[in-house]
Amino acid sequence: MPFYENVFIARQDVSSAQVETLTETFANLVAEHGGKVTKREYWGLRNLAYRIKKNRKGHYVLLNLDAPPAAVHELERNMRINEDVLRYLTVHVEALEEGPSAMMQARSRGEERERERSRRFDRDGRDGAPAEAEGGEA
């Protein structure tokens, strides 16, 4: 079967639990039509580049699909109908990505940087910036 990556954006005023339920509904829909969802990633509530239907933020979700084209068409039809989905994009890919996506890798790198910064702050008792030169103006 062909491989697809689907990313959809849900409205900002729905809860994370509702987004998880929505994702589960879409995964079940794909399974009913002979496909399977190999990976799901919740990327979180993120700012949109521009307003969409008066929303400035949205819940981003990635689905990796191993499904026939009919299942993908039905998934997209349901996303069009659902009022909680602001936008969606489905892309045909040659192979599905193993491990975390680029978005999740960037998030983990940011967390590592933050932990390193806080370790330096705790060790030095300051923010890790070089000490200012003592004395008057030059």
# chains A, B, ... in the order shown; residues from 1 in each chain; ligands from 1
call {"tool": "select_by_dssp", "arguments": {"residues": "chain A", "states": "strand (DSSP E or B)", "output": "ChimeraX atom specification"}}
result
/A:3-11,36-52,55-66,85-93
call {"tool": "select_by_dssp", "arguments": {"residues": "chain A", "states": "helix (DSSP H, G or I)", "output": "number ranges by chain"}}
result
A: 16-32, 69-81, 102-124
call {"tool": "write_last_selection", "arguments": {"atoms": "C-alpha atoms", "output": "PDB file, in the first residue's frame"}}
result
ATOM      1  CA  SER A  16      -5.927  18.328  24.288  1.00  0.00           C
ATOM      2  CA  ALA A  17      -8.193  15.434  25.299  1.00  0.00           C
ATOM      3  CA  GLN A  18     -10.648  16.366  22.543  1.00  0.00           C
ATOM      4  CA  VAL A  19      -7.784  16.513  20.034  1.00  0.00           C
ATOM      5  CA  GLU A  20      -6.707  13.028  21.144  1.00  0.00           C
ATOM      6  CA  THR A  21     -10.289  11.788  20.656  1.00  0.00           C
ATOM      7  CA  LEU A  22     -10.402  13.397  17.217  1.00  0.00           C
ATOM      8  CA  THR A  23      -7.098  11.725  16.297  1.00  0.00           C
ATOM      9  CA  GLU A  24      -8.421   8.372  17.504  1.00  0.00           C
ATOM     10  CA  THR A  25     -11.568   8.849  15.391  1.00  0.00           C
ATOM     11  CA  PHE A  26      -9.489   9.541  12.284  1.00  0.00           C
ATOM     12  CA  ALA A  27      -7.246   6.526  12.982  1.00  0.00           C
ATOM     13  CA  ASN A  28     -10.295   4.262  13.342  1.00  0.00           C
ATOM     14  CA  LEU A  29     -11.688   5.622  10.089  1.00  0.00           C
ATOM     15  CA  VAL A  30      -8.477   4.726   8.253  1.00  0.00           C
ATOM     16  CA  ALA A  31      -8.508   1.246   9.833  1.00  0.00           C
ATOM     17  CA  GLU A  32     -12.112   0.678   8.725  1.00  0.00           C
ATOM     18  CA  PRO A  69      -6.076   5.916  -1.657  1.00  0.00           C
ATOM     19  CA  ALA A  70      -9.776   5.308  -0.891  1.00  0.00           C
ATOM     20  CA  ALA A  71      -9.050   5.440   2.842  1.00  0.00           C
ATOM     21  CA  VAL A  72      -7.142   8.710   2.452  1.00  0.00           C
ATOM     22  CA  HIS A  73      -9.994  10.249   0.434  1.00  0.00           C
ATOM     23  CA  GLU A  74     -12.477   9.257   3.131  1.00  0.00           C
ATOM     24  CA  LEU A  75     -10.179  10.673   5.838  1.00  0.00           C
ATOM     25  CA  GLU A  76      -9.887  13.992   3.985  1.00  0.00           C
ATOM     26  CA  ARG A  77     -13.658  14.093   3.423  1.00  0.00           C
ATOM     27  CA  ASN A  78     -14.244  13.686   7.159  1.00  0.00           C
ATOM     28  CA  MET A  79     -11.658  16.361   7.957  1.00  0.00           C
ATOM     29  CA  ARG A  80     -13.438  18.755   5.581  1.00  0.00           C
ATOM     30  CA  ILE A  81     -16.750  18.116   7.326  1.00  0.00           C
ATOM     31  CA  ALA A 102      11.736  16.977  12.703  1.00  0.00           C
ATOM     32  CA  MET A 103       9.272  18.929  14.865  1.00  0.00           C
ATOM     33  CA  MET A 104       9.741  16.585  17.819  1.00  0.00           C
ATOM     34  CA  GLN A 105      13.528  16.551  17.381  1.00  0.00           C
ATOM     35  CA  ALA A 106      13.611  20.354  17.460  1.00  0.00           C
ATOM     36  CA  ARG A 107      11.505  20.344  20.620  1.00  0.00           C
ATOM     37  CA  SER A 108      13.839  17.881  22.377  1.00  0.00           C
ATOM     38  CA  ARG A 109      16.911  19.921  21.363  1.00  0.00           C
ATOM     39  CA  GLY A 110      15.281  23.038  22.813  1.00  0.00           C
ATOM     40  CA  GLU A 111      14.584  21.211  26.073  1.00  0.00           C
ATOM     41  CA  GLU A 112      18.206  20.030  26.234  1.00  0.00           C
ATOM     42  CA  ARG A 113      19.433  23.597  25.723  1.00  0.00           C
ATOM     43  CA  GLU A 114      17.132  24.815  28.483  1.00  0.00           C
ATOM     44  CA  ARG A 115      18.367  22.122  30.900  1.00  0.00           C
ATOM     45  CA  GLU A 116      22.010  23.021  30.119  1.00  0.00           C
ATOM     46  CA  ARG A 117      21.259  26.705  30.668  1.00  0.00           C
ATOM     47  CA  SER A 118      19.585  26.022  34.010  1.00  0.00           C
ATOM     48  CA  ARG A 119      22.520  23.793  35.088  1.00  0.00           C
ATOM     49  CA  ARG A 120      24.973  26.629  34.353  1.00  0.00           C
ATOM     50  CA  PHE A 121      22.754  29.057  36.232  1.00  0.00           C
ATOM     51  CA  ASP A 122      22.624  26.780  39.287  1.00  0.00           C
ATOM     52  CA  ARG A 123      26.374  26.084  39.217  1.00  0.00           C
ATOM     53  CA  ASP A 124      27.535  29.679  38.746  1.00  0.00           C
TER      54      ASP A 124
END
call {"tool": "closest_residue", "arguments": {"among": "A:Glu41, A:Asp66, A:Asp13, A:Glu5", "to": "A:Asp84", "atoms": "only C-alpha atoms"}}
result
A:Asp13
call {"tool": "closest_residue", "arguments": {"among": "A:Asn47, A:Glu83, A:Val37, A:Asn55", "to": "A:Asn6", "atoms": "only C-alpha atoms"}}
result
A:Val37
call {"tool": "closest_residue", "arguments": {"among": "A:Val14, A:Ala67, A:Val61, A:Ile52", "to": "A:Lys36", "atoms": "only C-alpha atoms"}}
result
A:Ala67
call {"tool": "residues_around", "arguments": {"residues": "A:Leu48", "least_positions_apart": "2", "cutoff": "12 Å", "atoms": "only C-alpha atoms", "output": "PyMOL selection string"}}
result
chain A and resi 9-12+44-46+50-60+86-87
call {"tool": "atom_distance", "arguments": {"atom1": "atom CA of A:Ala49", "atom2": "atom CA of A:Glu94"}}
result
28.4 Å
call {"tool": "decode", "arguments": {"residues": "stretch 3-138 of chain A", "atoms": "C-alpha atoms", "output": "mmCIF file, in the first residue's frame"}}
result
data_model
loop_
_atom_site.group_PDB
_atom_site.id
_atom_site.type_symbol
_atom_site.label_atom_id
_atom_site.label_comp_id
_atom_site.auth_asym_id
_atom_site.auth_seq_id
_atom_site.Cartn_x
_atom_site.Cartn_y
_atom_site.Cartn_z
ATOM 1 C CA PHE A 3 2.456 5.698 2.329
ATOM 2 C CA TYR A 4 1.125 9.120 3.332
ATOM 3 C CA GLU A 5 1.878 11.791 5.909
ATOM 4 C CA ASN A 6 -1.115 13.764 7.119
ATOM 5 C CA VAL A 7 -0.909 16.866 9.302
ATOM 6 C CA PHE A 8 -4.039 18.549 10.564
ATOM 7 C CA ILE A 9 -4.643 21.637 12.674
ATOM 8 C CA ALA A 10 -7.488 21.640 15.190
ATOM 9 C CA ARG A 11 -9.076 24.769 16.659
ATOM 10 C CA GLN A 12 -7.373 26.408 19.631
ATOM 11 C CA ASP A 13 -10.433 26.270 21.891
ATOM 12 C CA VAL A 14 -10.710 22.466 21.935
ATOM 13 C CA SER A 15 -8.875 20.669 24.747
ATOM 14 C CA SER A 16 -5.927 18.328 24.288
ATOM 15 C CA ALA A 17 -8.193 15.434 25.299
ATOM 16 C CA GLN A 18 -10.648 16.366 22.543
ATOM 17 C CA VAL A 19 -7.784 16.513 20.034
ATOM 18 C CA GLU A 20 -6.707 13.028 21.144
ATOM 19 C CA THR A 21 -10.289 11.788 20.656
ATOM 20 C CA LEU A 22 -10.402 13.397 17.217
ATOM 21 C CA THR A 23 -7.098 11.725 16.297
ATOM 22 C CA GLU A 24 -8.421 8.372 17.504
ATOM 23 C CA THR A 25 -11.568 8.849 15.391
ATOM 24 C CA PHE A 26 -9.489 9.541 12.284
ATOM 25 C CA ALA A 27 -7.246 6.526 12.982
ATOM 26 C CA ASN A 28 -10.295 4.262 13.342
ATOM 27 C CA LEU A 29 -11.688 5.622 10.089
ATOM 28 C CA VAL A 30 -8.477 4.726 8.253
ATOM 29 C CA ALA A 31 -8.508 1.246 9.833
ATOM 30 C CA GLU A 32 -12.112 0.678 8.725
ATOM 31 C CA HIS A 33 -11.080 1.325 5.130
ATOM 32 C CA GLY A 34 -8.182 -1.143 5.147
ATOM 33 C CA GLY A 35 -5.289 1.073 6.210
ATOM 34 C CA LYS A 36 -3.327 1.653 9.368
ATOM 35 C CA VAL A 37 -1.807 4.576 11.219
ATOM 36 C CA THR A 38 1.819 3.740 11.930
ATOM 37 C CA LYS A 39 2.697 6.865 13.936
ATOM 38 C CA ARG A 40 0.834 9.679 15.695
ATOM 39 C CA GLU A 41 2.516 12.797 17.027
ATOM 40 C CA TYR A 42 0.872 15.635 18.880
ATOM 41 C CA TRP A 43 2.990 18.709 18.226
ATOM 42 C CA GLY A 44 1.092 20.891 20.671
ATOM 43 C CA LEU A 45 -0.708 24.208 20.582
ATOM 44 C CA ARG A 46 1.300 26.410 18.230
ATOM 45 C CA ASN A 47 0.946 29.879 16.741
ATOM 46 C CA LEU A 48 -0.419 30.088 13.216
ATOM 47 C CA ALA A 49 1.354 32.179 10.590
ATOM 48 C CA TYR A 50 -1.932 33.982 9.919
ATOM 49 C CA ARG A 51 -5.465 33.899 11.259
ATOM 50 C CA ILE A 52 -7.658 31.024 10.133
ATOM 51 C CA LYS A 53 -11.361 31.386 10.918
ATOM 52 C CA LYS A 54 -10.542 33.898 13.703
ATOM 53 C CA ASN A 55 -8.020 31.523 15.338
ATOM 54 C CA ARG A 56 -4.461 32.606 16.074
ATOM 55 C CA LYS A 57 -3.315 29.216 17.402
ATOM 56 C CA GLY A 58 -3.998 25.588 16.621
ATOM 57 C CA HIS A 59 -3.338 22.059 17.844
ATOM 58 C CA TYR A 60 -1.016 20.334 15.338
ATOM 59 C CA VAL A 61 -1.139 16.551 14.850
ATOM 60 C CA LEU A 62 0.904 14.323 12.494
ATOM 61 C CA LEU A 63 -0.367 10.947 11.256
ATOM 62 C CA ASN A 64 1.775 8.512 9.251
ATOM 63 C CA LEU A 65 -0.530 6.371 7.128
ATOM 64 C CA ASP A 66 -0.068 3.062 5.356
ATOM 65 C CA ALA A 67 -3.400 3.077 3.547
ATOM 66 C CA PRO A 68 -5.074 2.712 0.151
ATOM 67 C CA PRO A 69 -6.076 5.916 -1.657
ATOM 68 C CA ALA A 70 -9.776 5.308 -0.891
ATOM 69 C CA ALA A 71 -9.050 5.440 2.842
ATOM 70 C CA VAL A 72 -7.142 8.710 2.452
ATOM 71 C CA HIS A 73 -9.994 10.249 0.434
ATOM 72 C CA GLU A 74 -12.477 9.257 3.131
ATOM 73 C CA LEU A 75 -10.179 10.673 5.838
ATOM 74 C CA GLU A 76 -9.887 13.992 3.985
ATOM 75 C CA ARG A 77 -13.658 14.093 3.423
ATOM 76 C CA ASN A 78 -14.244 13.686 7.159
ATOM 77 C CA MET A 79 -11.658 16.361 7.957
ATOM 78 C CA ARG A 80 -13.438 18.755 5.581
ATOM 79 C CA ILE A 81 -16.750 18.116 7.326
ATOM 80 C CA ASN A 82 -15.424 18.359 10.892
ATOM 81 C CA GLU A 83 -15.738 21.901 12.247
ATOM 82 C CA ASP A 84 -12.854 21.425 14.707
ATOM 83 C CA VAL A 85 -10.320 20.900 11.895
ATOM 84 C CA LEU A 86 -9.031 24.218 10.534
ATOM 85 C CA ARG A 87 -6.642 22.846 7.890
ATOM 86 C CA TYR A 88 -5.156 19.544 6.795
ATOM 87 C CA LEU A 89 -2.484 18.439 4.369
ATOM 88 C CA THR A 90 -1.840 14.924 3.108
ATOM 89 C CA VAL A 91 1.350 14.141 1.214
ATOM 90 C CA HIS A 92 2.269 10.909 -0.583
ATOM 91 C CA VAL A 93 5.755 9.774 0.498
ATOM 92 C CA GLU A 94 8.070 6.991 -0.696
ATOM 93 C CA ALA A 95 8.815 5.680 2.808
ATOM 94 C CA LEU A 96 7.538 6.478 6.278
ATOM 95 C CA GLU A 97 9.932 8.152 8.680
ATOM 96 C CA GLU A 98 11.053 6.030 11.622
ATOM 97 C CA GLY A 99 11.560 7.709 14.988
ATOM 98 C CA PRO A 100 10.517 11.238 15.911
ATOM 99 C CA SER A 101 9.703 13.802 13.241
ATOM 100 C CA ALA A 102 11.736 16.977 12.703
ATOM 101 C CA MET A 103 9.272 18.929 14.865
ATOM 102 C CA MET A 104 9.741 16.585 17.819
ATOM 103 C CA GLN A 105 13.528 16.551 17.381
ATOM 104 C CA ALA A 106 13.611 20.354 17.460
ATOM 105 C CA ARG A 107 11.505 20.344 20.620
ATOM 106 C CA SER A 108 13.839 17.881 22.377
ATOM 107 C CA ARG A 109 16.911 19.921 21.363
ATOM 108 C CA GLY A 110 15.281 23.038 22.813
ATOM 109 C CA GLU A 111 14.584 21.211 26.073
ATOM 110 C CA GLU A 112 18.206 20.030 26.234
ATOM 111 C CA ARG A 113 19.433 23.597 25.723
ATOM 112 C CA GLU A 114 17.132 24.815 28.483
ATOM 113 C CA ARG A 115 18.367 22.122 30.900
ATOM 114 C CA GLU A 116 22.010 23.021 30.119
ATOM 115 C CA ARG A 117 21.259 26.705 30.668
ATOM 116 C CA SER A 118 19.585 26.022 34.010
ATOM 117 C CA ARG A 119 22.520 23.793 35.088
ATOM 118 C CA ARG A 120 24.973 26.629 34.353
ATOM 119 C CA PHE A 121 22.754 29.057 36.232
ATOM 120 C CA ASP A 122 22.624 26.780 39.287
ATOM 121 C CA ARG A 123 26.374 26.084 39.217
ATOM 122 C CA ASP A 124 27.535 29.679 38.746
ATOM 123 C CA GLY A 125 24.752 31.382 40.644
ATOM 124 C CA ARG A 126 24.148 33.592 37.632
ATOM 125 C CA ASP A 127 22.998 33.238 34.036
ATOM 126 C CA GLY A 128 26.346 32.031 32.693
ATOM 127 C CA ALA A 129 27.166 35.370 31.029
ATOM 128 C CA PRO A 130 30.745 36.612 31.332
ATOM 129 C CA ALA A 131 31.395 38.934 34.243
ATOM 130 C CA GLU A 132 31.484 42.624 33.439
ATOM 131 C CA ALA A 133 34.850 44.360 33.625
ATOM 132 C CA GLU A 134 35.429 46.148 36.892
ATOM 133 C CA GLY A 135 36.423 49.751 36.979
ATOM 134 C CA GLY A 136 35.294 52.921 35.261
ATOM 135 C CA GLU A 137 34.596 53.700 31.661
ATOM 136 C CA ALA A 138 37.420 53.391 29.174
#
